[in-house]
Amino acid sequence: MNTTKWMSLRVILLSPAVAVMATFALVLPAEPQSAAFDPQTLVGEWPGEFSGMKVGKGRYYLTIEKVDGDRVHLRIERPDLKDPAAPKNARSVGTLNGNVLSYAAPLVPPTQLTIDGDRMSGSMQGRGGLKIELRKTK
(Lines give C-alpha, C1' and ligand atoms only; values in the text may rest on other atoms or scores of the structure.)
Protein backbone atom coordinates (compact mmCIF):
# COMPACT_ATOMS: atom_id res chain seq x y z
CA MET A 1 0.00 0.00 0.00
CA ASN A 2 1.49 3.33 -0.92
CA THR A 3 1.91 6.17 1.56
CA THR A 4 -0.95 8.31 0.21
CA LYS A 5 -3.50 5.51 0.47
CA TRP A 6 -2.22 4.56 3.95
CA MET A 7 -2.60 8.17 5.18
CA SER A 8 -6.13 8.40 3.73
CA LEU A 9 -7.14 5.12 5.35
CA ARG A 10 -5.66 6.22 8.67
CA VAL A 11 -7.61 9.51 8.61
CA ILE A 12 -10.82 7.66 7.74
CA LEU A 13 -10.34 5.18 10.58
CA LEU A 14 -9.27 7.69 13.25
CA SER A 15 -11.84 10.40 12.50
CA PRO A 16 -14.82 8.56 14.04
CA ALA A 17 -12.83 7.71 17.18
CA VAL A 18 -11.80 11.34 17.67
CA ALA A 19 -15.39 12.49 17.07
CA VAL A 20 -16.75 10.04 19.66
CA MET A 21 -14.17 11.09 22.28
CA ALA A 22 -14.93 14.78 21.65
CA THR A 23 -18.66 14.12 22.03
CA PHE A 24 -18.14 12.36 25.37
CA ALA A 25 -15.99 15.22 26.60
CA LEU A 26 -18.79 17.68 25.85
CA VAL A 27 -21.75 15.56 26.95
CA LEU A 28 -20.54 13.87 30.14
CA PRO A 29 -20.69 16.16 33.17
CA ALA A 30 -17.48 16.91 34.93
CA GLU A 31 -17.06 15.31 38.34
CA PRO A 32 -17.68 17.98 40.99
CA GLN A 33 -14.55 19.16 42.72
CA SER A 34 -15.05 19.85 46.40
CA ALA A 35 -13.29 22.80 47.90
CA ALA A 36 -10.59 22.19 50.45
CA PHE A 37 -12.24 21.31 53.74
CA ASP A 38 -10.65 22.59 56.94
CA PRO A 39 -11.72 20.24 59.78
CA GLN A 40 -11.02 22.97 62.37
CA THR A 41 -14.09 24.86 61.08
CA LEU A 42 -16.21 22.12 62.69
CA VAL A 43 -15.32 23.25 66.21
CA GLY A 44 -18.34 24.91 67.78
CA GLU A 45 -22.05 24.45 68.40
CA TRP A 46 -24.37 22.66 65.99
CA PRO A 47 -27.99 22.84 67.19
CA GLY A 48 -30.84 21.22 65.33
CA GLU A 49 -33.40 18.49 65.65
CA PHE A 50 -33.93 14.79 65.40
CA SER A 51 -37.00 13.04 64.07
CA GLY A 52 -38.10 9.45 63.76
CA MET A 53 -41.17 7.30 63.32
CA LYS A 54 -41.06 5.86 66.84
CA VAL A 55 -39.70 8.84 68.79
CA GLY A 56 -41.27 11.85 67.12
CA LYS A 57 -39.24 15.07 67.04
CA GLY A 58 -36.93 16.78 69.45
CA ARG A 59 -33.96 19.06 69.91
CA TYR A 60 -30.45 17.76 69.20
CA TYR A 61 -27.30 19.64 70.14
CA LEU A 62 -23.88 18.62 68.91
CA THR A 63 -20.88 20.48 70.31
CA ILE A 64 -17.54 19.79 68.68
CA GLU A 65 -14.88 20.58 71.24
CA LYS A 66 -11.71 19.64 69.35
CA VAL A 67 -10.56 18.16 66.06
CA ASP A 68 -7.26 16.30 66.10
CA GLY A 69 -6.51 14.88 62.65
CA ASP A 70 -9.44 12.57 61.86
CA ARG A 71 -10.50 12.33 65.53
CA VAL A 72 -13.36 14.59 66.59
CA HIS A 73 -14.03 15.17 70.31
CA LEU A 74 -17.71 15.92 70.76
CA ARG A 75 -20.64 16.17 73.12
CA ILE A 76 -24.28 15.47 72.27
CA GLU A 77 -27.41 16.60 74.09
CA ARG A 78 -30.91 15.32 73.34
CA PRO A 79 -33.12 16.97 75.98
CA ASP A 80 -36.41 15.86 74.36
CA LEU A 81 -35.54 12.16 74.14
CA LYS A 82 -38.30 10.19 75.86
CA ASP A 83 -36.56 6.77 76.08
CA PRO A 84 -35.47 6.45 79.75
CA ALA A 85 -32.82 3.86 78.83
CA ALA A 86 -31.05 6.21 76.41
CA PRO A 87 -28.80 8.95 77.79
CA LYS A 88 -29.84 12.52 77.08
CA ASN A 89 -26.21 13.70 77.22
CA ALA A 90 -23.07 11.90 76.11
CA ARG A 91 -19.46 12.49 75.12
CA SER A 92 -17.66 10.67 72.35
CA VAL A 93 -14.66 10.73 70.05
CA GLY A 94 -15.82 10.40 66.47
CA THR A 95 -14.03 9.87 63.19
CA LEU A 96 -13.91 12.27 60.28
CA ASN A 97 -13.63 10.66 56.85
CA GLY A 98 -13.76 13.35 54.18
CA ASN A 99 -16.95 15.24 54.93
CA VAL A 100 -18.58 12.44 56.95
CA LEU A 101 -18.52 12.46 60.75
CA SER A 102 -19.19 9.10 62.43
CA TYR A 103 -19.55 8.48 66.16
CA ALA A 104 -21.09 6.12 68.68
CA ALA A 105 -21.18 7.46 72.23
CA PRO A 106 -21.76 5.00 75.09
CA LEU A 107 -25.36 3.69 74.94
CA VAL A 108 -25.97 5.77 71.78
CA PRO A 109 -26.34 3.93 68.45
CA PRO A 110 -23.83 4.66 65.66
CA THR A 111 -24.43 8.00 63.99
CA GLN A 112 -23.24 9.32 60.62
CA LEU A 113 -23.54 12.96 59.62
CA THR A 114 -22.59 14.47 56.27
CA ILE A 115 -21.08 17.96 56.50
CA ASP A 116 -22.07 20.55 53.92
CA GLY A 117 -20.70 23.97 54.84
CA ASP A 118 -22.53 25.14 57.97
CA ARG A 119 -24.99 22.22 57.87
CA MET A 120 -24.85 18.58 58.91
CA SER A 121 -27.45 15.94 58.22
CA GLY A 122 -27.63 12.22 58.60
CA SER A 123 -29.00 9.50 60.78
CA MET A 124 -28.58 7.45 63.91
CA GLN A 125 -29.04 3.70 63.57
CA GLY A 126 -31.07 1.47 65.88
CA ARG A 127 -34.65 1.42 67.16
CA GLY A 128 -36.15 2.67 63.92
CA GLY A 129 -33.37 5.20 63.42
CA LEU A 130 -33.38 8.93 63.77
CA LYS A 131 -32.96 11.56 61.11
CA ILE A 132 -30.72 14.43 62.30
CA GLU A 133 -30.50 17.96 60.84
CA LEU A 134 -28.04 20.48 62.32
CA ARG A 135 -26.76 23.97 61.52
CA LYS A 136 -23.67 25.59 62.99
CA THR A 137 -24.29 28.74 65.04
CA LYS A 138 -20.94 29.41 66.75
# chains A, B, ... in the order shown; residues from 1 in each chain; ligands from 1

$ residues_around --residues "range 77-89 of chain A" --least-positions-apart "4" --cutoff "8 Å" --atoms "only C-alpha atoms" --output "number ranges by chain"
A: 55, 57-62, 107-108

$ residues_around --residues "range 93-106 of chain A" --least-positions-apart "4" --cutoff "8 Å" --atoms "only C-alpha atoms" --output "list of chain:residue names"
A:Phe37, A:Asp70, A:Arg71, A:Val72, A:His73, A:Leu74, A:Pro110, A:Thr111, A:Gln112, A:Leu113, A:Thr114, A:Ile115, A:Asp116

$ write_last_selection --atoms "N, CA and C atoms" --output "PDB file, in the first residue's frame"
ATOM      1  N   PHE A  37     -11.434  21.313  52.525  1.00  0.00           N
ATOM      2  CA  PHE A  37     -12.244  21.307  53.737  1.00  0.00           C
ATOM      3  C   PHE A  37     -11.319  21.386  54.935  1.00  0.00           C
ATOM      4  N   ASP A  70      -8.108  13.089  62.216  1.00  0.00           N
ATOM      5  CA  ASP A  70      -9.438  12.567  61.864  1.00  0.00           C
ATOM      6  C   ASP A  70     -10.276  12.252  63.101  1.00  0.00           C
ATOM      7  N   ARG A  71      -9.765  12.579  64.277  1.00  0.00           N
ATOM      8  CA  ARG A  71     -10.502  12.334  65.534  1.00  0.00           C
ATOM      9  C   ARG A  71     -11.225  13.603  65.961  1.00  0.00           C
ATOM     10  N   VAL A  72     -12.517  13.459  66.235  1.00  0.00           N
ATOM     11  CA  VAL A  72     -13.360  14.594  66.595  1.00  0.00           C
ATOM     12  C   VAL A  72     -13.916  14.367  67.996  1.00  0.00           C
ATOM     13  N   HIS A  73     -13.545  15.247  68.921  1.00  0.00           N
ATOM     14  CA  HIS A  73     -14.031  15.170  70.310  1.00  0.00           C
ATOM     15  C   HIS A  73     -15.334  15.961  70.376  1.00  0.00           C
ATOM     16  N   LEU A  74     -16.398  15.285  70.821  1.00  0.00           N
ATOM     17  CA  LEU A  74     -17.712  15.924  70.756  1.00  0.00           C
ATOM     18  C   LEU A  74     -18.584  15.580  71.956  1.00  0.00           C
ATOM     19  N   PRO A 110     -24.721   4.000  66.619  1.00  0.00           N
ATOM     20  CA  PRO A 110     -23.834   4.664  65.665  1.00  0.00           C
ATOM     21  C   PRO A 110     -24.561   5.739  64.868  1.00  0.00           C
ATOM     22  N   THR A 111     -23.865   6.857  64.683  1.00  0.00           N
ATOM     23  CA  THR A 111     -24.427   8.003  63.987  1.00  0.00           C
ATOM     24  C   THR A 111     -23.469   8.426  62.879  1.00  0.00           C
ATOM     25  N   GLN A 112     -24.029   8.789  61.731  1.00  0.00           N
ATOM     26  CA  GLN A 112     -23.238   9.323  60.621  1.00  0.00           C
ATOM     27  C   GLN A 112     -23.888  10.610  60.143  1.00  0.00           C
ATOM     28  N   LEU A 113     -23.062  11.660  60.081  1.00  0.00           N
ATOM     29  CA  LEU A 113     -23.544  12.958  59.616  1.00  0.00           C
ATOM     30  C   LEU A 113     -22.667  13.431  58.461  1.00  0.00           C
ATOM     31  N   THR A 114     -23.300  13.920  57.411  1.00  0.00           N
ATOM     32  CA  THR A 114     -22.588  14.473  56.271  1.00  0.00           C
ATOM     33  C   THR A 114     -22.519  15.982  56.435  1.00  0.00           C
ATOM     34  N   ILE A 115     -21.324  16.528  56.301  1.00  0.00           N
ATOM     35  CA  ILE A 115     -21.080  17.959  56.503  1.00  0.00           C
ATOM     36  C   ILE A 115     -21.165  18.663  55.151  1.00  0.00           C
ATOM     37  N   ASP A 116     -21.942  19.740  55.129  1.00  0.00           N
ATOM     38  CA  ASP A 116     -22.071  20.547  53.923  1.00  0.00           C
ATOM     39  C   ASP A 116     -22.046  22.013  54.334  1.00  0.00           C
TER      40      ASP A 116
END

$ atom_distance --atom1 "CA of Gly52 in chain A" --atom2 "CA of Met124 in chain A"
9.7 Å

$ residues_around --residues "Trp46 in chain A" --least-positions-apart "4" --cutoff "10 Å" --atoms "only C-alpha atoms" --output "PyMOL selection string"
chain A and resi 42+60-64+76+118-120+133-138

$ atom_distance --atom1 "CA of Val67 in chain A" --atom2 "CA of Gly44 in chain A"
10.4 Å
